[in-house]
Each structure stands twice: as C-alpha cells, then as structure tokens.
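Visitor: What follows is the file my_file_14.cif, containing mmCIF, C-alpha atoms and all ligand atoms:
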```cif
data_query
loop_
_atom_site.label_atom_id
_atom_site.label_comp_id
_atom_site.auth_asym_id
_atom_site.auth_seq_id
_atom_site.Cartn_x
_atom_site.Cartn_y
_atom_site.Cartn_z
CA MET A 155 -3.69 10.96 19.40
CA ARG A 156 -6.34 10.93 16.65
CA VAL A 157 -4.67 11.76 13.35
CA LEU A 158 -6.11 12.39 9.89
CA VAL A 159 -3.78 11.34 7.08
CA THR A 160 -4.93 12.69 3.73
CA GLY A 161 -3.56 10.55 0.92
CA GLY A 162 -3.01 7.81 3.49
CA ALA A 163 -3.63 5.00 1.00
CA GLY A 164 -0.74 6.15 -1.18
CA PHE A 165 2.94 5.33 -1.13
CA ILE A 166 4.21 7.54 1.71
CA GLY A 167 0.81 7.77 3.39
CA SER A 168 0.39 4.03 3.81
CA HIS A 169 3.81 3.72 5.49
CA LEU A 170 2.95 6.67 7.72
CA THR A 171 -0.43 5.17 8.60
CA ALA A 172 1.20 1.88 9.60
CA ALA A 173 3.78 3.70 11.73
CA LEU A 174 1.13 5.81 13.47
CA LEU A 175 -0.94 2.71 14.26
CA ASP A 176 2.21 1.01 15.60
CA ALA A 177 2.82 4.03 17.83
CA GLY A 178 -0.68 3.61 19.30
CA HIS A 179 -2.48 6.43 17.48
CA ALA A 180 -5.94 6.22 15.90
CA VAL A 181 -5.81 7.06 12.19
CA THR A 182 -8.41 8.31 9.74
CA VAL A 183 -7.35 8.13 6.10
CA LEU A 184 -9.03 10.40 3.58
CA ASP A 185 -8.18 9.21 0.09
CA ASP A 186 -9.97 9.08 -3.26
CA LEU A 187 -7.95 6.00 -4.25
CA SER A 188 -6.90 7.70 -7.50
CA THR A 189 -3.31 6.46 -7.14
CA GLY A 190 -3.59 5.03 -3.63
CA LYS A 191 -4.95 1.56 -2.95
CA ARG A 192 -7.08 0.06 -0.22
CA ALA A 193 -4.68 -2.90 -0.25
CA ASN A 194 -1.84 -0.60 0.91
CA LEU A 195 -3.61 -0.29 4.27
CA PRO A 196 -3.79 -2.90 7.03
CA GLY A 197 -7.03 -4.89 6.77
CA ALA A 198 -8.60 -5.51 10.17
CA GLU A 199 -7.53 -2.69 12.44
CA GLU A 200 -10.11 -1.05 14.64
CA ARG A 201 -8.03 2.12 15.15
CA LEU A 202 -8.05 2.74 11.38
CA ARG A 203 -10.91 4.38 9.50
CA LEU A 204 -10.86 4.91 5.72
CA VAL A 205 -12.97 7.70 4.27
CA VAL A 206 -13.04 7.34 0.50
CA GLY A 207 -13.50 10.83 -0.82
CA ASP A 208 -12.00 13.84 -2.53
CA VAL A 209 -9.85 16.06 -0.35
CA ALA A 210 -11.22 19.09 -2.22
CA ASP A 211 -14.78 18.14 -1.25
CA GLN A 212 -16.02 20.05 1.79
CA ALA A 213 -18.36 17.32 3.03
CA ALA A 214 -15.64 14.64 2.82
CA LEU A 215 -13.23 16.94 4.64
CA GLU A 216 -15.76 17.63 7.38
CA GLU A 217 -16.45 13.93 7.85
CA ALA A 218 -12.75 13.10 8.03
CA LEU A 219 -11.57 16.04 10.17
CA ALA A 220 -14.22 16.04 12.88
CA GLY A 221 -12.80 14.96 16.24
CA GLN A 222 -9.14 14.80 15.15
CA ASP A 223 -6.20 16.08 17.18
CA ALA A 224 -3.90 16.55 14.19
CA PHE A 225 -3.63 16.08 10.45
CA VAL A 226 -0.89 15.19 8.01
CA HIS A 227 -1.68 16.48 4.53
CA LEU A 228 -0.18 14.18 1.91
CA ALA A 229 -2.99 13.94 -0.64
CA ALA A 230 -1.87 15.40 -3.95
CA VAL A 231 -1.51 14.63 -7.59
CA ALA A 232 2.14 13.83 -7.00
CA SER A 233 3.09 13.81 -10.69
CA VAL A 234 4.86 16.91 -12.00
CA GLU A 235 4.03 15.77 -15.52
CA ALA A 236 0.30 15.56 -14.74
CA SER A 237 0.42 19.14 -13.45
CA VAL A 238 1.99 20.31 -16.70
CA ARG A 239 -0.68 18.48 -18.74
CA ASP A 240 -3.61 19.56 -16.57
CA PRO A 241 -2.72 22.58 -14.45
CA VAL A 242 -6.37 23.42 -13.69
CA GLY A 243 -7.34 19.91 -12.60
CA THR A 244 -4.25 19.32 -10.47
CA HIS A 245 -4.51 22.80 -8.94
CA ARG A 246 -7.85 21.82 -7.40
CA THR A 247 -6.20 18.98 -5.49
CA ASN A 248 -2.77 20.45 -4.97
CA LEU A 249 -3.72 23.89 -3.73
CA GLU A 250 -7.46 24.52 -3.45
CA ALA A 251 -7.97 21.42 -1.30
CA SER A 252 -5.06 22.42 0.92
CA VAL A 253 -6.56 25.85 1.59
CA ARG A 254 -9.96 24.27 2.34
CA LEU A 255 -8.34 21.78 4.71
CA PHE A 256 -6.31 24.43 6.57
CA ASP A 257 -9.33 26.69 6.88
CA LEU A 258 -11.67 23.96 8.10
CA ALA A 259 -9.09 22.57 10.54
CA ALA A 260 -8.60 26.05 11.99
CA ARG A 261 -12.35 26.46 12.43
CA LEU A 262 -12.73 23.00 14.01
CA GLY A 263 -9.78 23.59 16.34
CA VAL A 264 -7.64 20.80 14.84
CA LYS A 265 -4.46 22.75 15.33
CA ARG A 266 -1.51 20.43 14.80
CA ALA A 267 -0.80 20.32 11.08
CA LEU A 268 1.94 18.69 9.01
CA TYR A 269 2.19 19.47 5.31
CA ALA A 270 4.00 17.58 2.53
CA SER A 271 5.81 20.07 0.36
CA SER A 272 8.50 19.19 -2.13
CA ALA A 273 12.07 19.86 -3.19
CA ALA A 274 10.43 20.95 -6.45
CA VAL A 275 9.95 24.40 -4.86
CA TYR A 276 13.70 25.02 -5.36
CA GLY A 277 13.47 24.29 -9.09
CA ASP A 278 16.87 24.37 -10.75
CA ASN A 279 18.53 26.52 -8.07
CA PRO A 280 22.23 25.53 -8.33
CA ALA A 281 23.12 26.62 -4.76
CA LEU A 282 23.82 23.09 -3.51
CA PRO A 283 23.27 21.67 -1.00
CA LEU A 284 19.86 23.32 -0.85
CA GLY A 285 19.14 24.86 2.54
CA GLU A 286 15.59 25.82 3.45
CA GLU A 287 16.40 29.49 2.89
CA ALA A 288 17.62 28.93 -0.68
CA GLU A 289 15.77 30.89 -3.35
CA LYS A 290 12.55 29.23 -4.48
CA ARG A 291 12.25 28.79 -8.22
CA PRO A 292 9.10 26.76 -8.87
CA LEU A 293 9.17 25.70 -12.52
CA THR A 294 5.94 23.74 -12.83
CA PRO A 295 2.31 24.00 -11.71
CA TYR A 296 3.04 21.21 -9.20
CA ALA A 297 5.90 23.20 -7.64
CA ALA A 298 3.93 26.46 -7.69
CA ASP A 299 1.02 24.80 -5.86
CA LYS A 300 3.31 23.21 -3.26
CA LEU A 301 5.00 26.55 -2.57
CA ALA A 302 1.69 28.41 -2.44
CA GLY A 303 0.44 25.75 0.00
CA GLU A 304 3.37 26.57 2.26
CA HIS A 305 2.49 30.26 2.12
CA TYR A 306 -1.14 29.57 3.04
CA LEU A 307 -0.04 27.30 5.85
CA ALA A 308 2.30 30.03 7.10
CA HIS A 309 -0.64 32.42 7.16
CA PHE A 310 -2.76 30.10 9.34
CA HIS A 311 0.26 29.45 11.54
CA ARG A 312 1.12 33.14 11.97
CA ALA A 313 -2.48 33.91 12.84
CA GLY A 314 -2.27 31.29 15.60
CA HIS A 315 -5.03 29.19 14.00
CA LEU A 316 -2.78 26.21 13.26
CA ASP A 317 0.36 24.85 14.88
CA ALA A 318 1.96 23.79 11.64
CA THR A 319 5.16 22.33 10.22
CA ALA A 320 6.02 21.96 6.54
CA PHE A 321 8.35 19.31 5.09
CA ARG A 322 10.05 19.50 1.71
CA PHE A 323 10.53 15.90 0.65
CA PHE A 324 13.35 15.18 -1.78
CA ASN A 325 13.21 11.93 -3.82
CA VAL A 326 11.42 9.46 -1.58
CA PHE A 327 11.68 5.76 -2.44
CA GLY A 328 10.68 2.44 -0.95
CA PRO A 329 8.18 -0.41 -1.22
CA ARG A 330 4.71 0.32 -2.64
CA GLN A 331 5.84 3.18 -4.86
CA ASP A 332 3.94 2.61 -8.07
CA PRO A 333 6.22 2.07 -11.08
CA ALA A 334 3.32 2.24 -13.54
CA SER A 335 3.91 5.83 -14.60
CA PRO A 336 7.20 6.67 -16.29
CA TYR A 337 7.14 9.88 -14.26
CA SER A 338 6.82 8.27 -10.86
CA GLY A 339 9.92 7.86 -8.75
CA VAL A 340 12.87 6.88 -10.90
CA ILE A 341 13.91 4.17 -8.44
CA SER A 342 10.57 2.37 -8.65
CA VAL A 343 10.74 2.43 -12.45
CA PHE A 344 14.38 1.26 -12.63
CA LEU A 345 13.88 -1.51 -10.03
CA ASP A 346 10.72 -2.76 -11.69
CA ARG A 347 12.51 -3.05 -15.05
CA ALA A 348 15.65 -4.55 -13.47
CA ARG A 349 13.55 -7.20 -11.73
CA ARG A 350 11.88 -8.18 -15.00
CA GLY A 351 15.03 -7.93 -17.07
CA ALA A 352 13.28 -5.26 -19.14
CA PRO A 353 15.19 -2.40 -20.79
CA ILE A 354 15.75 0.74 -18.75
CA THR A 355 15.54 4.08 -20.53
CA LEU A 356 18.09 6.61 -19.36
CA PHE A 357 17.17 10.16 -20.35
CA GLY A 358 20.22 12.37 -20.93
CA ASP A 359 23.76 11.50 -19.89
CA GLY A 360 22.90 9.97 -16.50
CA GLU A 361 24.97 12.58 -14.67
CA GLN A 362 21.84 14.28 -13.33
CA THR A 363 21.69 13.88 -9.55
CA ARG A 364 19.03 13.45 -6.88
CA ASP A 365 18.84 13.09 -3.12
CA PHE A 366 17.14 9.72 -2.57
CA VAL A 367 15.64 9.23 0.87
CA TYR A 368 14.09 6.01 2.13
CA VAL A 369 10.41 6.19 2.98
CA GLN A 370 10.84 4.98 6.58
CA ASP A 371 13.24 7.85 7.24
CA VAL A 372 10.60 10.29 6.00
CA VAL A 373 7.96 8.61 8.14
CA ARG A 374 10.13 8.87 11.27
CA ALA A 375 10.48 12.61 10.72
CA LEU A 376 6.69 12.98 10.50
CA VAL A 377 5.88 10.76 13.49
CA ALA A 378 8.46 12.59 15.62
CA ALA A 379 7.06 15.97 14.59
CA LEU A 380 3.57 14.96 15.72
CA ALA A 381 4.92 14.07 19.14
CA ARG A 382 6.67 17.43 19.42
CA PRO A 383 4.70 20.59 19.98
CA GLY A 384 5.34 22.99 17.15
CA GLN A 385 7.09 26.31 17.44
CA THR A 386 5.24 29.37 18.52
CA PRO A 387 4.24 31.89 15.83
CA PRO A 388 5.22 33.77 13.79
CA GLU A 389 7.58 31.62 11.73
CA LEU A 390 6.29 28.46 10.07
CA PRO A 391 8.89 25.75 10.69
CA VAL A 392 10.03 24.24 7.39
CA PHE A 393 12.32 21.22 7.06
CA ASN A 394 14.06 19.58 4.14
CA VAL A 395 13.75 15.80 4.23
CA GLY A 396 16.49 14.11 2.28
CA ARG A 397 19.56 12.05 3.03
CA GLY A 398 21.94 14.87 2.19
CA ALA A 399 23.71 12.64 -0.35
CA GLU A 400 23.95 13.51 -4.03
CA VAL A 401 23.59 10.44 -6.25
CA SER A 402 23.74 10.44 -10.04
CA LEU A 403 21.50 8.19 -12.09
CA LEU A 404 24.61 6.34 -13.33
CA GLU A 405 25.58 5.67 -9.69
CA LEU A 406 22.02 4.56 -9.01
CA LEU A 407 22.16 2.08 -11.92
CA ALA A 408 25.50 0.74 -10.66
CA ALA A 409 24.00 0.24 -7.17
CA ILE A 410 21.01 -1.57 -8.67
CA GLU A 411 23.33 -3.81 -10.68
CA ARG A 412 25.04 -4.89 -7.44
CA LEU A 413 21.76 -6.03 -5.83
CA PRO A 414 21.23 -9.75 -5.41
CA GLY A 415 18.38 -10.99 -7.59
CA VAL A 416 18.87 -8.47 -10.36
CA ARG A 417 19.58 -9.79 -13.84
CA THR A 418 22.91 -8.39 -14.96
CA PRO A 419 24.08 -6.70 -17.00
CA LEU A 420 21.18 -4.26 -16.96
CA SER A 421 19.90 -3.39 -20.39
CA VAL A 422 20.05 0.39 -20.55
CA SER A 423 19.08 2.44 -23.59
CA SER A 424 19.74 6.14 -23.96
CA ALA A 425 17.16 8.78 -24.84
CA PRO A 426 17.48 12.54 -25.23
CA PRO A 427 17.26 14.57 -22.01
CA ARG A 428 13.72 15.31 -20.85
CA GLN A 429 12.72 18.91 -21.17
CA GLY A 430 12.68 20.71 -17.85
CA ASP A 431 14.58 17.96 -16.03
CA ILE A 432 16.46 19.42 -13.08
CA ARG A 433 20.18 18.80 -13.42
CA ARG A 434 21.33 18.46 -9.82
CA SER A 435 19.58 18.24 -6.49
CA VAL A 436 20.72 17.57 -2.95
CA ALA A 437 19.39 18.74 0.40
CA ASP A 438 21.08 20.36 3.33
CA VAL A 439 19.35 18.44 6.13
CA SER A 440 21.15 20.03 9.08
CA ARG A 441 17.94 21.70 10.31
CA LEU A 442 16.12 18.38 10.57
CA ARG A 443 19.20 16.70 12.07
CA ALA A 444 19.22 19.36 14.80
CA THR A 445 15.86 17.95 16.01
CA GLY A 446 17.54 14.57 16.65
CA TRP A 447 16.49 12.96 13.36
CA GLU A 448 18.96 11.26 11.09
CA PRO A 449 18.55 9.07 8.04
CA ARG A 450 19.07 5.44 9.01
CA THR A 451 18.76 3.67 5.67
CA GLY A 452 21.47 4.04 3.06
CA LEU A 453 20.84 3.79 -0.66
CA GLU A 454 21.84 0.13 -1.08
CA ALA A 455 19.92 -1.11 1.97
CA GLY A 456 16.88 0.86 0.84
CA LEU A 457 17.13 -0.50 -2.69
CA ALA A 458 17.35 -4.08 -1.39
CA ALA A 459 14.32 -3.53 0.86
CA THR A 460 12.39 -2.02 -2.04
CA LEU A 461 13.26 -4.88 -4.37
CA GLY A 462 11.92 -7.23 -1.67
N1 LIG A 501 7.33 10.54 -3.48
C1 LIG A 501 8.14 11.59 -3.50
O1 LIG A 501 9.33 11.48 -3.85
C2 LIG A 501 7.63 12.95 -3.07
C3 LIG A 501 8.53 14.03 -3.14
C4 LIG A 501 8.08 15.28 -2.74
C5 LIG A 501 6.79 15.45 -2.28
N2 LIG A 501 5.94 14.39 -2.25
C6 LIG A 501 4.58 14.60 -1.75
O2 LIG A 501 4.26 13.63 -0.78
C7 LIG A 501 2.87 13.35 -0.84
C8 LIG A 501 2.63 11.85 -0.99
O3 LIG A 501 3.18 11.44 -2.24
P1 LIG A 501 3.35 9.91 -2.66
O4 LIG A 501 4.66 9.78 -3.31
O5 LIG A 501 2.99 9.03 -1.53
O6 LIG A 501 2.27 9.82 -3.83
P2 LIG A 501 0.95 8.93 -3.99
O7 LIG A 501 0.37 9.25 -5.30
O8 LIG A 501 1.29 7.48 -3.70
O9 LIG A 501 0.04 9.46 -2.80
C9 LIG A 501 -0.91 10.48 -2.95
C10 LIG A 501 -2.21 9.97 -2.37
O10 LIG A 501 -3.19 11.03 -2.45
C11 LIG A 501 -4.39 10.48 -2.96
N3 LIG A 501 -5.12 11.55 -3.64
C12 LIG A 501 -4.79 12.18 -4.80
N4 LIG A 501 -5.71 13.10 -5.11
C13 LIG A 501 -6.65 13.06 -4.12
C14 LIG A 501 -7.85 13.76 -3.87
N5 LIG A 501 -8.29 14.71 -4.72
N6 LIG A 501 -8.57 13.44 -2.77
C15 LIG A 501 -8.14 12.48 -1.92
N7 LIG A 501 -7.01 11.79 -2.10
C16 LIG A 501 -6.28 12.08 -3.18
C17 LIG A 501 -3.97 9.36 -3.88
O11 LIG A 501 -4.99 8.39 -4.11
C18 LIG A 501 -2.78 8.78 -3.13
O12 LIG A 501 -3.19 7.78 -2.21
C19 LIG A 501 2.31 14.19 -1.97
O13 LIG A 501 1.81 15.40 -1.45
C20 LIG A 501 3.52 14.45 -2.83
O14 LIG A 501 3.37 15.63 -3.60
C21 LIG A 501 6.33 13.14 -2.63
#
```
How does this structure look as structure tokens?

Guide:
Amino acid sequence: MRVLVTGGAGFIGSHLTAALLDAGHAVTVLDDLSTGKRANLPGAEERLRLVVGDVADQAALEEALAGQDAFVHLAAVASVEASVRDPVGTHRTNLEASVRLFDLAARLGVKRALYASSAAVYGDNPALPLGEEAEKRPLTPYAADKLAGEHYLAHFHRAGHLDATAFRFFNVFGPRQDPASPYSGVISVFLDRARRGAPITLFGDGEQTRDFVYVQDVVRALVAALARPGQTPPELPVFNVGRGAEVSLLELLAAIERLPGVRTPLSVSSAPPRQGDIRRSVADVSRLRATGWEPRTGLEAGLAATLG
C-alpha cells in the first residue's frame, strides 16, 4: 500500500513510518520539520519519500497525496499551550489543513483515512473511564480543533467520499518524544531531568492522573486499521487509544525512581497547580480491544525503553 503520513517526521509519526516500512508499505511523509526532524526517519530507504512542506499548503498537499492509497493525518501543533497562546496560527494547522486534506483526498480518490484526534476532546469530563460516547468538553483551541476535525471527517465519511477512522490518543510516550518544551509529554520531561539528575518540577499535588500509552501500542492500532477495511457509512468509527490504566504523577515518579540508571533520590520541587490542568483522565479502551488490539507494553517496560 502507498501511504501518506502527515507529521511523519515527528514523535508518533516517525515510529509509524518505520512500522509501515517494516510491513512492506511505501511511505510518503509530509512534514514542515517544525517539531519533527529528518533524523527521526530512516536514512537510505527507497520506499520512503519526504516532502518538506506545510500541510495547510495546497500545492504541498497535492504533491504528497497524488497516487496514494491511504493517509494517516498526524501533522499538528501538538502543544495545547501553543494553541492557547496562538489560537489563530495553530488553527491553520490543526483544523484548516485537515479540512483541505480531507477535501483533496476525497477529490483524488484517496479514500482510506486515519485521523489523530486526542483525549483532550473530553476536557475535564469526570465520567471515568472515558468511553467514546462520553460528553465532549473541549477546553482549549487545540481540543476544539481536534473535535471539529472529527466532525469534518465524519462528514466526508458519511458522504461516502472517505473511508475514515478517528483515534483519540491519550498520553502517548516513548523514545524520540522531545523534552525541550515544558508542555510536551510529562514523561519525556521527567525522564530527561531524571537522567541528568536535574530537578523535576511537580505542578500541584501530584495526584492528577493520566492514561500513559506506549508509542508502539499506538502504532500497532494504526497499522492494523490500515489493513482493515473501514466500516460502511454512516457512522465514523472512533477509537480511544490508551492503556486503560489510571496513573498519578506521584506513581509515575515512583516508577521512574525504580528504573536502573536513574540517579536517586529524584530531586522534586513543588509548584502551584497549572491553570486548566485536567485533574483525572483514563480511557475505556474496550472498543479498540474488540478489534483484537491490546496494549503490550506496561508503564515500567515503556519507561525503561524510553530511557534507553
Ligand atoms: N503525543 C501525544 O500524547 C498525543 C496525544 C493526543 C494526540 N496527539 C496527536 O498525535 C499527532 C502526533 O503528535 P506527536 O506527539 O507525534 O507530536 P509531534 O510534534 O512530534 O509531531 C507533529 C508533527 O507534525 C509536523 N507539523 C506540525 N505542523 C505542521 C505543518 N503545518 N505542516 C506539516 N507538518 C507539520 C511537525 O513537524 C511534527 O513532525 C498530533 O496530531 C497530536 O495532536 C498526540
């Protein structure tokens, strides 16, 4: 299969690209390298093509999409904080580009479509574990764009123009997640500091929880979905992708402290809670499990693999 991966030079995208190449597919990556890196991709691989361009740019999209059998749309400004600071700028990438991509793919007949949505669409909904039907409470421009992207995708799917599936990723972690921004995945930040013996800042009481899912488990869900024909219209299939385990930040720190190679005790300093931080989050992943998928990597094994 010929597959376009937008955002394929990023954290999740580069793991997905490697897995697709391993499975024998030909991959085109469209990425503007804003947070992604060329070095995340395999060097000499004739079934891989990198188009450096903006996913909101029609010409770049046309170049990347022509001749594909399917696309996986991962390109986004993945920082909630950036969307709060610059809602107009991030909206261009996080929604406008998605609508352009869906529309062009439909016109070019590239029907099979996978879309990276986010647990952020549930906001602070306390109805845990969060099933796909739980009320959506997007609290940020990032979450609003992700949810709107799902609605647009559902439109193209209902109309029979795309054969689409949406995935709501919970907190994905693993190697190559960039710890540079304090707002990137908490695990990458904590592990980076733990490795260097640098102080870790804990916002709030540490009892806030997340559903941490290892990147390879996410990738397996996407690769399997590409191999499976989608459902027939009208309903857009939507799947949570998490581990279904609720882990507090204090439990996360304790797990990090148990890793070989980490300087203990960790130096942890407390800071006031961050405004808008979601208190608790955990996915109900029974819908994805019913397809035969299950998470294979537990928290500690995933942390060890990420630490390297
Ligand atoms: N990491 C998580 O925990 C998580 C959780 C929920 C959803 N997601 C979603 O998964 C997807 C991948 O996220 P990630 O964690 O790998 O982040 P990432 O920042 O590593 O990957 C995003 C990629 O998109 C590229 N990109 C950004 N703007 C672009 C543009 N205008 N044109 C072309 N390329 C552009 C970046 O260079 C990068 O390679 C995103 O859609 C993100 O919103 C991630």

Visitor: Which of these residues is nearest to A:Phe357, using only C-alpha atoms: A:Ala425, A:Val205, A:Val226, A:Ala220?

Guide: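 Ranking A:Ala425, A:Val205, A:Val226, A:Ala220 by distance to A:Phe357, first place goes to A:Ala425.
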
Visitor: Give me the chain A side of the contact with ligand LIG 501 (chain A), cut-off 6 Å, one line per residue showing its nearest atom pair and distance in Å at one decimal, counting all atoms listed in the file, sorted by chain and residue number, as JSON lines.

Guide:
```
{"residue": "A:Gly161", "atom": "CA", "partner": "A:LIG501", "partner_atom": "O10", "distance": 3.4}
{"residue": "A:Gly162", "atom": "CA", "partner": "A:LIG501", "partner_atom": "O12", "distance": 5.7}
{"residue": "A:Ala163", "atom": "CA", "partner": "A:LIG501", "partner_atom": "O12", "distance": 4.3}
{"residue": "A:Gly164", "atom": "CA", "partner": "A:LIG501", "partner_atom": "O12", "distance": 3.1}
{"residue": "A:Phe165", "atom": "CA", "partner": "A:LIG501", "partner_atom": "O5", "distance": 3.7}
{"residue": "A:Ile166", "atom": "CA", "partner": "A:LIG501", "partner_atom": "O5", "distance": 3.8}
{"residue": "A:Gly167", "atom": "CA", "partner": "A:LIG501", "partner_atom": "O5", "distance": 5.5}
{"residue": "A:Leu184", "atom": "CA", "partner": "A:LIG501", "partner_atom": "C15", "distance": 5.9}
{"residue": "A:Asp185", "atom": "CA", "partner": "A:LIG501", "partner_atom": "N7", "distance": 3.6}
{"residue": "A:Asp186", "atom": "CA", "partner": "A:LIG501", "partner_atom": "C15", "distance": 4.1}
{"residue": "A:Leu187", "atom": "CA", "partner": "A:LIG501", "partner_atom": "O11", "distance": 3.8}
{"residue": "A:Ser188", "atom": "CA", "partner": "A:LIG501", "partner_atom": "O11", "distance": 4.0}
{"residue": "A:Thr189", "atom": "CA", "partner": "A:LIG501", "partner_atom": "O11", "distance": 4.0}
{"residue": "A:Gly190", "atom": "CA", "partner": "A:LIG501", "partner_atom": "O12", "distance": 3.1}
{"residue": "A:Gly207", "atom": "CA", "partner": "A:LIG501", "partner_atom": "C15", "distance": 5.7}
{"residue": "A:Asp208", "atom": "CA", "partner": "A:LIG501", "partner_atom": "N6", "distance": 3.5}
{"residue": "A:Val209", "atom": "CA", "partner": "A:LIG501", "partner_atom": "N6", "distance": 3.8}
{"residue": "A:Ala210", "atom": "CA", "partner": "A:LIG501", "partner_atom": "N5", "distance": 5.8}
{"residue": "A:Leu228", "atom": "CA", "partner": "A:LIG501", "partner_atom": "O13", "distance": 4.1}
{"residue": "A:Ala229", "atom": "CA", "partner": "A:LIG501", "partner_atom": "O10", "distance": 3.4}
{"residue": "A:Ala230", "atom": "CA", "partner": "A:LIG501", "partner_atom": "C12", "distance": 4.4}
{"residue": "A:Val231", "atom": "CA", "partner": "A:LIG501", "partner_atom": "C12", "distance": 5.0}
{"residue": "A:Ala232", "atom": "CA", "partner": "A:LIG501", "partner_atom": "O14", "distance": 4.0}
{"residue": "A:Thr247", "atom": "CA", "partner": "A:LIG501", "partner_atom": "N5", "distance": 4.8}
{"residue": "A:Ala270", "atom": "CA", "partner": "A:LIG501", "partner_atom": "O13", "distance": 5.0}
{"residue": "A:Ser271", "atom": "CA", "partner": "A:LIG501", "partner_atom": "C5", "distance": 5.4}
{"residue": "A:Ser272", "atom": "CA", "partner": "A:LIG501", "partner_atom": "C4", "distance": 4.0}
{"residue": "A:Phe323", "atom": "CA", "partner": "A:LIG501", "partner_atom": "C4", "distance": 4.2}
{"residue": "A:Phe324", "atom": "CA", "partner": "A:LIG501", "partner_atom": "C3", "distance": 5.1}
{"residue": "A:Asn325", "atom": "CA", "partner": "A:LIG501", "partner_atom": "O1", "distance": 3.9}
{"residue": "A:Val326", "atom": "CA", "partner": "A:LIG501", "partner_atom": "O1", "distance": 3.7}
```

Visitor: Could you please determine the separation between atom CA of A:Gly263 and atom CA of A:Leu316 in Å, to one decimal place?

Guide: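 Rounded to one decimal, the two atoms are 8.1 Å apart.
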
Visitor: Write out as a ChimeraX atom specification each polymer residue whose atoms come within 7 Å of A:Lys290, counting only C-alpha atoms; drop sequence neighbours fewer than 2 positions from it.

Guide: /A:275-277,288,292

Visitor: Name the residues in contact with A:Leu404 at a cut-off of 10 Å, using all atoms listed in the file, excluding same-chain residues fewer than 6 positions from it; report them as a list in words.

Guide: Leu356, Asp359, Gly360, Glu361, Gln362, Thr363 and Ile410 of chain A

Visitor: In Å, with one decimal, what is the gap from atom CA of A:Ala260 to atom CA of A:Trp447?

Guide: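 Rounded to one decimal, the two atoms are 28.3 Å apart.
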
Visitor: Given the point (15.7, 6.1, -9.1) in the coordinates of this file, which residues lie within 8 Å, counting all atoms listed in the file, and how would they look as a list in words?

Guide: Phe327, Gly339, Val340, Ile341, Ser342, Val343, Phe344, Leu345, Phe366, Leu403 and Leu406 of chain A

Visitor: When you count only C-alpha atoms, which of these residues is closest to A:Tyr269: A:Gly178, A:Pro387, A:Pro241, A:Gly303?

Guide: A:Gly303

Visitor: Please return stretch 231-247 of chain A, rebuilt to N, CA and C atoms, as a PDB file, in the coordinates of the input.

Guide:
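Below is the file out_33.pdb, written as the result:
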```pdb
ATOM      1  N   VAL A 231      -1.893  15.279  -6.341  1.00  0.00           N
ATOM      2  CA  VAL A 231      -1.510  14.630  -7.590  1.00  0.00           C
ATOM      3  C   VAL A 231       0.011  14.798  -7.625  1.00  0.00           C
ATOM      4  N   ALA A 232       0.706  13.719  -7.282  1.00  0.00           N
ATOM      5  CA  ALA A 232       2.140  13.830  -7.000  1.00  0.00           C
ATOM      6  C   ALA A 232       2.984  13.815  -8.282  1.00  0.00           C
ATOM      7  N   SER A 233       2.355  13.860  -9.427  1.00  0.00           N
ATOM      8  CA  SER A 233       3.090  13.810 -10.690  1.00  0.00           C
ATOM      9  C   SER A 233       3.279  15.225 -11.255  1.00  0.00           C
ATOM     10  N   VAL A 234       4.534  15.614 -11.389  1.00  0.00           N
ATOM     11  CA  VAL A 234       4.860  16.910 -12.000  1.00  0.00           C
ATOM     12  C   VAL A 234       4.309  16.959 -13.423  1.00  0.00           C
ATOM     13  N   GLU A 235       4.469  15.843 -14.125  1.00  0.00           N
ATOM     14  CA  GLU A 235       4.030  15.770 -15.520  1.00  0.00           C
ATOM     15  C   GLU A 235       2.512  15.989 -15.641  1.00  0.00           C
ATOM     16  N   ALA A 236       1.763  15.382 -14.720  1.00  0.00           N
ATOM     17  CA  ALA A 236       0.300  15.560 -14.740  1.00  0.00           C
ATOM     18  C   ALA A 236      -0.045  17.036 -14.535  1.00  0.00           C
ATOM     19  N   SER A 237       0.721  17.727 -13.707  1.00  0.00           N
ATOM     20  CA  SER A 237       0.420  19.140 -13.450  1.00  0.00           C
ATOM     21  C   SER A 237       0.713  20.000 -14.670  1.00  0.00           C
ATOM     22  N   VAL A 238       1.673  19.574 -15.474  1.00  0.00           N
ATOM     23  CA  VAL A 238       1.990  20.310 -16.700  1.00  0.00           C
ATOM     24  C   VAL A 238       0.883  20.079 -17.736  1.00  0.00           C
ATOM     25  N   ARG A 239       0.388  18.836 -17.791  1.00  0.00           N
ATOM     26  CA  ARG A 239      -0.680  18.480 -18.740  1.00  0.00           C
ATOM     27  C   ARG A 239      -2.006  19.099 -18.354  1.00  0.00           C
ATOM     28  N   ASP A 240      -2.288  19.132 -17.048  1.00  0.00           N
ATOM     29  CA  ASP A 240      -3.610  19.560 -16.570  1.00  0.00           C
ATOM     30  C   ASP A 240      -3.458  20.480 -15.361  1.00  0.00           C
ATOM     31  N   PRO A 241      -2.974  21.699 -15.596  1.00  0.00           N
ATOM     32  CA  PRO A 241      -2.720  22.580 -14.450  1.00  0.00           C
ATOM     33  C   PRO A 241      -3.991  22.938 -13.677  1.00  0.00           C
ATOM     34  N   VAL A 242      -5.130  23.023 -14.380  1.00  0.00           N
ATOM     35  CA  VAL A 242      -6.370  23.420 -13.690  1.00  0.00           C
ATOM     36  C   VAL A 242      -6.861  22.274 -12.796  1.00  0.00           C
ATOM     37  N   GLY A 243      -6.877  21.070 -13.363  1.00  0.00           N
ATOM     38  CA  GLY A 243      -7.340  19.910 -12.600  1.00  0.00           C
ATOM     39  C   GLY A 243      -6.457  19.637 -11.392  1.00  0.00           C
ATOM     40  N   THR A 244      -5.146  19.645 -11.589  1.00  0.00           N
ATOM     41  CA  THR A 244      -4.250  19.320 -10.470  1.00  0.00           C
ATOM     42  C   THR A 244      -4.239  20.440  -9.432  1.00  0.00           C
ATOM     43  N   HIS A 245      -4.472  21.663  -9.874  1.00  0.00           N
ATOM     44  CA  HIS A 245      -4.510  22.800  -8.940  1.00  0.00           C
ATOM     45  C   HIS A 245      -5.614  22.616  -7.892  1.00  0.00           C
ATOM     46  N   ARG A 246      -6.727  22.026  -8.332  1.00  0.00           N
ATOM     47  CA  ARG A 246      -7.850  21.820  -7.400  1.00  0.00           C
ATOM     48  C   ARG A 246      -7.397  20.935  -6.231  1.00  0.00           C
ATOM     49  N   THR A 247      -6.681  19.867  -6.558  1.00  0.00           N
ATOM     50  CA  THR A 247      -6.200  18.980  -5.490  1.00  0.00           C
ATOM     51  C   THR A 247      -4.987  19.560  -4.787  1.00  0.00           C
TER      52      THR A 247
END
```
